[in-house]
>>> print(open('run_17.pdb').read())   # PDB, C-alpha atoms
MODEL        1
ATOM      1  CA  LEU L   1     -41.841 -13.378  16.889
ATOM      2  CA  TYR L   2     -39.968 -12.085  13.850
ATOM      3  CA  GLN L   3     -36.735 -12.079  15.829
ATOM      4  CA  THR L   4     -36.847 -15.877  15.952
ATOM      5  CA  GLY L   5     -35.956 -15.849  12.241
ATOM      6  CA  ILE L   6     -38.467 -18.503  11.237
ATOM      7  CA  ILE L   7     -41.627 -16.412  10.828
ATOM      8  CA  GLU L   8     -42.812 -15.287   7.396
ATOM      9  CA  ASN L   9     -45.989 -13.502   8.528
ATOM     10  CA  ALA L  10     -47.692 -12.837  11.837
ATOM     11  CA  HIS L  11     -50.983 -11.122  12.687
ATOM     12  CA  ALA L  12     -52.658 -10.341  16.004
ATOM     13  CA  PHE L  13     -56.411 -10.160  16.614
ATOM     14  CA  LEU L  14     -58.491  -9.110  19.595
ATOM     15  CA  LYS L  15     -61.554 -11.281  20.273
ATOM     16  CA  GLY L  16     -64.283 -11.349  22.878
ATOM     17  CA  THR L  17     -66.560  -8.986  24.733
ATOM     18  CA  PRO L  18     -65.761  -5.865  26.757
ATOM     19  CA  SER L  19     -65.679  -8.006  29.877
ATOM     20  CA  SER L  20     -63.626 -10.829  28.315
ATOM     21  CA  ILE L  21     -61.017 -10.024  25.665
ATOM     22  CA  SER L  22     -58.441 -12.412  24.252
ATOM     23  CA  LEU L  23     -55.463 -11.766  21.997
ATOM     24  CA  GLN L  24     -54.988 -14.260  19.197
ATOM     25  CA  TYR L  25     -51.917 -14.619  16.952
ATOM     26  CA  ILE L  26     -51.982 -16.149  13.474
ATOM     27  CA  VAL L  27     -48.482 -17.130  12.439
ATOM     28  CA  LYS L  28     -47.095 -18.434   9.172
ATOM     29  CA  GLU L  29     -43.663 -20.023   9.340
ATOM     30  CA  ASN L  30     -40.992 -19.826   6.649
ATOM     31  CA  PRO L  31     -40.932 -22.767   4.197
ATOM     32  CA  LEU L  32     -39.091 -25.957   5.085
ATOM     33  CA  VAL L  33     -35.493 -26.431   3.938
ATOM     34  CA  TYR L  34     -34.529 -29.968   2.935
ATOM     35  CA  GLN L  35     -31.176 -29.149   1.398
ATOM     36  CA  ILE L  36     -28.646 -26.323   1.015
ATOM     37  CA  ILE L  37     -26.979 -25.912  -2.377
ATOM     38  CA  VAL L  38     -23.803 -23.824  -2.661
ATOM     39  CA  LYS L  39     -22.722 -22.885  -6.178
ATOM     40  CA  THR L  40     -19.201 -21.608  -6.840
ATOM     41  CA  ASN L  41     -16.993 -20.832  -9.838
ATOM     42  CA  GLN L  42     -14.173 -23.269  -9.118
ATOM     43  CA  LEU L  43     -13.993 -24.353  -5.484
ATOM     44  CA  ASN L  44     -15.505 -27.553  -4.153
ATOM     45  CA  PRO L  45     -18.734 -26.343  -2.474
ATOM     46  CA  ASP L  46     -18.501 -29.043   0.218
ATOM     47  CA  SER L  47     -15.383 -27.339   1.612
ATOM     48  CA  LEU L  48     -17.397 -24.205   2.424
ATOM     49  CA  PHE L  49     -20.102 -25.641   4.644
ATOM     50  CA  CYS L  50     -19.765 -24.451   8.211
ATOM     51  CA  GLN L  51     -19.975 -26.799  11.145
ATOM     52  CA  GLY L  52     -23.540 -27.390  12.260
ATOM     53  CA  TYR L  53     -25.239 -26.546   8.984
ATOM     54  CA  LEU L  54     -27.041 -29.908   9.048
ATOM     55  CA  SER L  55     -29.069 -28.649  11.995
ATOM     56  CA  SER L  56     -30.761 -26.217   9.574
ATOM     57  CA  LEU L  57     -32.162 -29.004   7.394
ATOM     58  CA  ASN L  58     -35.714 -30.366   7.647
ATOM     59  CA  ARG L  59     -36.730 -27.259   9.540
ATOM     60  CA  PRO L  60     -38.340 -23.940   8.574
ATOM     61  CA  LEU L  61     -35.938 -21.498   6.975
ATOM     62  CA  ASN L  62     -34.248 -19.561   9.755
ATOM     63  CA  TYR L  63     -32.886 -16.190   8.658
ATOM     64  CA  ASN L  64     -30.718 -15.872  11.749
ATOM     65  CA  GLN L  65     -28.955 -19.157  10.994
ATOM     66  CA  LEU L  66     -28.793 -18.284   7.310
ATOM     67  CA  PHE L  67     -26.913 -15.039   7.927
ATOM     68  CA  THR L  68     -24.593 -16.796  10.371
ATOM     69  CA  GLN L  69     -23.820 -19.494   7.813
ATOM     70  CA  ALA L  70     -23.267 -16.915   5.060
ATOM     71  CA  ASP L  71     -20.778 -15.036   7.261
ATOM     72  CA  ALA L  72     -18.995 -18.283   8.092
ATOM     73  CA  ILE L  73     -18.660 -19.162   4.392
ATOM     74  CA  LEU L  74     -17.177 -15.748   3.592
ATOM     75  CA  ASN L  75     -14.782 -15.956   6.541
ATOM     76  CA  THR L  76     -13.577 -19.339   5.287
ATOM     77  CA  LEU L  77     -12.890 -17.831   1.870
ATOM     78  CA  PHE L  78     -11.196 -14.709   3.249
ATOM     79  CA  THR L  79      -8.852 -16.691   5.491
ATOM     80  CA  SER L  80      -7.948 -18.868   2.501
ATOM     81  CA  GLY L  81      -6.824 -15.803   0.536
ATOM     82  CA  TYR L  82      -9.945 -15.251  -1.569
ATOM     83  CA  SER L  83     -10.144 -11.588  -0.577
ATOM     84  CA  LEU L  84     -12.624 -10.656  -3.333
ATOM     85  CA  ALA L  85     -15.131 -13.369  -2.434
ATOM     86  CA  ARG L  86     -18.763 -12.333  -2.148
ATOM     87  CA  ILE L  87     -22.233 -13.845  -2.088
ATOM     88  CA  ILE L  88     -24.012 -13.044  -5.336
ATOM     89  CA  ASP L  89     -27.496 -14.104  -4.270
ATOM     90  CA  ILE L  90     -29.487 -16.408  -2.010
ATOM     91  CA  SER L  91     -32.689 -17.935  -3.343
ATOM     92  CA  TYR L  92     -35.271 -20.488  -2.252
ATOM     93  CA  GLN L  93     -36.460 -23.188  -4.653
ATOM     94  CA  PRO L  94     -39.933 -24.384  -3.635
ATOM     95  CA  ALA L  95     -40.057 -27.639  -5.593
ATOM     96  CA  PRO L  96     -37.050 -29.360  -3.983
ATOM     97  CA  LYS L  97     -37.411 -27.148  -0.886
ATOM     98  CA  ALA L  98     -33.792 -26.113  -1.314
ATOM     99  CA  LEU L  99     -31.893 -23.025  -0.299
ATOM    100  CA  GLN L 100     -29.376 -21.992  -2.961
ATOM    101  CA  ILE L 101     -26.371 -19.791  -2.176
ATOM    102  CA  ARG L 102     -24.421 -18.528  -5.195
ATOM    103  CA  ILE L 103     -20.866 -17.437  -4.461
ATOM    104  CA  ASP L 104     -18.249 -15.595  -6.485
ATOM    105  CA  GLU L 105     -14.819 -16.470  -5.088
ATOM    106  CA  GLY L 106     -13.367 -13.473  -6.925
ATOM    107  CA  HIS L 107     -13.383 -14.781 -10.499
ATOM    108  CA  ILE L 108     -11.092 -12.665 -12.698
ATOM    109  CA  ASP L 109     -12.847 -11.772 -15.938
ATOM    110  CA  LYS L 110     -10.252  -9.364 -17.287
ATOM    111  CA  ILE L 111      -6.701  -8.155 -16.570
ATOM    112  CA  GLU L 112      -5.627  -4.795 -17.971
ATOM    113  CA  ILE L 113      -2.295  -2.959 -18.044
ATOM    114  CA  LYS L 114      -2.378   0.836 -18.024
ATOM    115  CA  GLY L 115       0.247   3.568 -17.942
ATOM    116  CA  ASN L 116       2.901   1.843 -20.074
ATOM    117  CA  SER L 117       3.900   3.720 -23.202
ATOM    118  CA  VAL L 118       7.160   1.899 -23.990
ATOM    119  CA  THR L 119       7.040  -1.460 -22.228
ATOM    120  CA  LYS L 120       4.972  -4.095 -24.013
ATOM    121  CA  ASP L 121       1.989  -5.569 -22.175
ATOM    122  CA  ARG L 122       3.390  -9.078 -22.495
ATOM    123  CA  ILE L 123       6.536  -8.096 -20.612
ATOM    124  CA  ILE L 124       4.371  -7.071 -17.657
ATOM    125  CA  LEU L 125       1.843  -9.894 -17.982
ATOM    126  CA  ARG L 126       4.543 -12.558 -17.706
ATOM    127  CA  GLU L 127       5.331 -11.262 -14.204
ATOM    128  CA  ILE L 128       1.697 -11.489 -13.067
ATOM    129  CA  LEU L 129       0.611 -14.658 -11.269
ATOM    130  CA  LEU L 130      -3.070 -13.738 -11.422
ATOM    131  CA  LYS L 131      -4.762 -15.077 -14.555
ATOM    132  CA  GLU L 132      -8.034 -14.420 -16.321
ATOM    133  CA  GLY L 133     -10.537 -17.177 -15.667
ATOM    134  CA  ARG L 134      -9.078 -17.970 -12.242
ATOM    135  CA  SER L 135      -9.918 -16.671  -8.787
ATOM    136  CA  PHE L 136      -8.210 -13.673  -7.224
ATOM    137  CA  ARG L 137      -5.791 -14.673  -4.458
ATOM    138  CA  SER L 138      -4.263 -12.001  -2.243
ATOM    139  CA  ARG L 139      -0.888 -13.773  -2.064
ATOM    140  CA  GLU L 140      -0.621 -13.943  -5.856
ATOM    141  CA  ALA L 141      -1.590 -10.275  -6.097
ATOM    142  CA  VAL L 142       1.224  -9.213  -3.742
ATOM    143  CA  GLU L 143       3.778 -11.424  -5.508
ATOM    144  CA  SER L 144       2.683 -10.047  -8.884
ATOM    145  CA  LEU L 145       3.337  -6.471  -7.723
ATOM    146  CA  GLN L 146       6.735  -7.507  -6.359
ATOM    147  CA  ASN L 147       7.622  -9.261  -9.622
ATOM    148  CA  ILE L 148       6.764  -6.204 -11.713
ATOM    149  CA  TYR L 149       8.812  -3.944  -9.435
ATOM    150  CA  SER L 150      11.749  -6.356  -9.591
ATOM    151  CA  THR L 151      12.125  -5.833 -13.348
ATOM    152  CA  GLY L 152      13.572  -2.407 -12.541
ATOM    153  CA  LEU L 153      11.522  -0.806 -15.297
ATOM    154  CA  PHE L 154       8.947   1.043 -13.190
ATOM    155  CA  GLU L 155       8.874   3.756 -10.573
ATOM    156  CA  ARG L 156       5.417   2.831  -9.319
ATOM    157  CA  VAL L 157       3.035  -0.111  -9.696
ATOM    158  CA  THR L 158      -0.486  -0.271  -8.280
ATOM    159  CA  LEU L 159      -3.334  -2.747  -8.504
ATOM    160  CA  ASN L 160      -6.979  -1.714  -8.756
ATOM    161  CA  VAL L 161     -10.095  -3.873  -8.714
ATOM    162  CA  VAL L 162     -13.167  -2.837 -10.688
ATOM    163  CA  ARG L 163     -16.238  -4.758  -9.557
ATOM    164  CA  HIS L 164     -19.539  -4.948 -11.379
ATOM    165  CA  ASP L 165     -22.637  -6.948 -10.489
ATOM    166  CA  THR L 166     -21.195 -10.297 -11.506
ATOM    167  CA  THR L 167     -17.736  -9.538 -12.962
ATOM    168  CA  ASN L 168     -14.313  -8.490 -11.691
ATOM    169  CA  SER L 169     -11.620  -6.648 -13.626
ATOM    170  CA  ILE L 170      -8.035  -6.257 -12.394
ATOM    171  CA  ILE L 171      -6.064  -3.208 -13.526
ATOM    172  CA  PHE L 172      -2.312  -2.903 -13.062
ATOM    173  CA  ARG L 173      -1.227   0.740 -13.361
ATOM    174  CA  VAL L 174       2.462   1.400 -13.910
ATOM    175  CA  LYS L 175       4.696   4.441 -14.145
ATOM    176  CA  GLU L 176       7.720   3.765 -16.306
ATOM    177  CA  LYS L 177      11.229   4.949 -15.520
ATOM    178  CA  LYS L 178      12.913   7.268 -18.011
ATOM    179  CA  TYR L 179      14.823   4.786 -20.106
ATOM    180  CA  LEU L 180      16.936   6.909 -22.479
ATOM    181  CA  LEU L 181      20.207   8.210 -21.056
ATOM    182  CA  MET L 182      22.557  10.366 -23.089
ATOM    183  CA  ARG L 183      26.233  10.262 -22.324
ATOM    184  CA  LEU L 184      28.619  12.832 -23.677
ATOM    185  CA  GLY L 185      32.328  12.141 -23.505
ATOM    186  CA  LEU L 186      35.679  12.581 -25.009
ATOM    187  CA  ASN L 187      37.583   9.597 -26.328
ATOM    188  CA  ALA L 188      41.259   9.709 -27.202
ATOM    189  CA  SER L 189      42.340   7.356 -29.945
ATOM    190  CA  LEU L 190      45.628   5.506 -30.077
ATOM    191  CA  GLU L 191      46.972   8.257 -32.326
ATOM    192  CA  ARG L 192      46.203  10.694 -29.489
ATOM    193  CA  LYS L 193      43.570  12.397 -31.636
ATOM    194  CA  ALA L 194      40.641  13.689 -29.724
ATOM    195  CA  LYS L 195      37.344  12.293 -30.854
ATOM    196  CA  ALA L 196      34.003  13.435 -29.498
ATOM    197  CA  PHE L 197      31.285  10.849 -29.211
ATOM    198  CA  VAL L 198      27.700  10.561 -28.200
ATOM    199  CA  GLU L 199      26.474   7.324 -26.695
ATOM    200  CA  LEU L 200      22.809   6.516 -26.194
ATOM    201  CA  ALA L 201      22.175   3.894 -23.578
ATOM    202  CA  GLU L 202      18.707   2.317 -23.833
ATOM    203  CA  ASP L 203      17.840   0.061 -20.900
ATOM    204  CA  ASN L 204      14.405  -0.875 -22.262
ATOM    205  CA  LEU L 205      14.938  -1.086 -26.003
ATOM    206  CA  LEU L 206      11.604  -0.856 -27.828
ATOM    207  CA  GLY L 207       9.829  -1.922 -24.668
ATOM    208  CA  GLN L 208      11.335  -5.404 -24.827
ATOM    209  CA  GLU L 209      13.451  -5.162 -21.646
ATOM    210  CA  ILE L 210      16.609  -5.598 -23.759
ATOM    211  CA  LYS L 211      19.665  -3.651 -22.628
ATOM    212  CA  ALA L 212      21.719  -2.225 -25.476
ATOM    213  CA  SER L 213      24.123   0.566 -26.287
ATOM    214  CA  LEU L 214      23.509   2.584 -29.416
ATOM    215  CA  PHE L 215      26.582   4.289 -30.842
TER
ENDMDL
END
>>> encode(input="run_17.pdb", output="structure tokens")
Amino acid sequence: LYQTGIIENAHAFLKGTPSSISLQYIVKENPLVYQIIVKTNQLNPDSLFCQGYLSSLNRPLNYNQLFTQADAILNTLFTSGYSLARIIDISYQPAPKALQIRIDEGHIDKIEIKGNSVTKDRIILREILLKEGRSFRSREAVESLQNIYSTGLFERVTLNVVRHDTTNSIIFRVKEKKYLLMRLGLNASLERKAKAFVELAEDNLLGQEIKASLF
């Protein structure tokens, strides 16, 4: 009975005499569902309903169909690039007889930069397509890593996701290249006098990604 997905409680009783025994079931169905409400951070909820969800309305809540619909919603989000999407909770509201599904598409609450000692955060942040207050998209994450690498300032760049109950933090960890190069040379002047010099070449001057030569 429970495998049908629509039963809340079921009890069995034996009745009768030793010569005539009957088995009686008392069953309580799940409450009726008149509407399904999907709550999201930014997306239009109507775009997430799977085909056939209307068949679940005006019927007792069916857990089997509910789990199928929840999987379908997540698959829709994943294939659209919302790789951090998750279902926060599912609740039943008795008064309107509504099933509410609350979804986090991967809302970015915070972006942090770690590992940079010379390069300013803003230099890195301008290369990142992901933004606080928006949803995490896998394509933007990959392009952000490529953009940071393309500056030529870092040996390694990684992205980490820190998930809490209802929040998501994105951490970009970088390993900077060694910027300061010392060149020793010998320069002959027009008067043929030897002159020793030391040239400091700084490719990331003061962390501003400004190339300069310090004499």
>>> resolve_selection(input="run_17.pdb", expression="the PyMOL selection byres ((chain L and resi 64) around 9)", output="short mmCIF file (atom, residue, chain, number, x, y, z; two decimals) with C-alpha atoms, in the frame of the given file")
data_model
loop_
_atom_site.label_atom_id
_atom_site.label_comp_id
_atom_site.auth_asym_id
_atom_site.auth_seq_id
_atom_site.Cartn_x
_atom_site.Cartn_y
_atom_site.Cartn_z
CA GLN L 3 -36.74 -12.08 15.83
CA THR L 4 -36.85 -15.88 15.95
CA GLY L 5 -35.96 -15.85 12.24
CA ILE L 6 -38.47 -18.50 11.24
CA ASN L 62 -34.25 -19.56 9.76
CA TYR L 63 -32.89 -16.19 8.66
CA GLN L 65 -28.96 -19.16 10.99
CA LEU L 66 -28.79 -18.28 7.31
CA PHE L 67 -26.91 -15.04 7.93
CA THR L 68 -24.59 -16.80 10.37
CA GLN L 69 -23.82 -19.49 7.81
#
>>> atom_distance(input="run_17.pdb", atom1="CA of Ile171 (chain L)", atom2="CA of Asn41 (chain L)")
21.1 Å
>>> resolve_selection(input="run_17.pdb", expression="the PyMOL selection byres ((chain L and resi 142) around 12)", output="number ranges by chain")
L: 81, 127-130, 136-141, 143-149, 157-159, 172
>>> residues_around(input="run_17.pdb", residues="Arg163 (chain L)", least_positions_apart="6", cutoff="10 Å", atoms="only C-alpha atoms", output="PyMOL selection string")
chain L and resi 84+106+108+169-170
>>> resolve_selection(input="run_17.pdb", expression="the PyMOL selection byres ((chain L and resi 165) around 12)", output="list in words")
Arg86, Ile87, Ile88, Asp89, Asp104, Gly106, Val162, Arg163, His164, Thr166, Thr167, Asn168 and Ser169 of chain L
>>> closest_residue(input="run_17.pdb", among="L:Ala12, L:Leu43, L:Leu57, L:Ile103", to="Ala70 (chain L)", atoms="only C-alpha atoms")
L:Ile103
>>> atom_distance(input="run_17.pdb", atom1="CA of Leu125 (chain L)", atom2="CA of Ser80 (chain L)")
24.4 Å
>>> closest_residue(input="run_17.pdb", among="L:Gln93, L:Ile101, L:Ser56, L:Leu23", to="Asp71 (chain L)", atoms="all atoms listed in the file")
L:Ile101
>>> residues_around(input="run_17.pdb", residues="region 94-96 of chain L", least_positions_apart="4", cutoff="12 Å", atoms="only C-alpha atoms", output="MDAnalysis selection string")
chainID L and resid 30:37 58 61 100
>>> closest_residue(input="run_17.pdb", among="L:Ser135, L:Thr40, L:Ser55, L:Thr119", to="Tyr82 (chain L)", atoms="all atoms listed in the file")
L:Ser135
>>> atom_distance(input="run_17.pdb", atom1="CA of Lys131 (chain L)", atom2="CA of Asp109 (chain L)")
8.8 Å
>>> axis_aligned_box(input="run_17.pdb", around="region 20-29 of chain L", padding_each_side="8 Å", output="lines of an AutoDock Vina configuration file")
center_x = -53.6
center_y = -15.0
center_z = 18.7
size_x = 36.0
size_y = 26.0
size_z = 35.1
>>> closest_residue(input="run_17.pdb", among="L:Asn75, L:Lys28, L:Ile124, L:Tyr92", to="Ser150 (chain L)", atoms="only C-alpha atoms")
L:Ile124
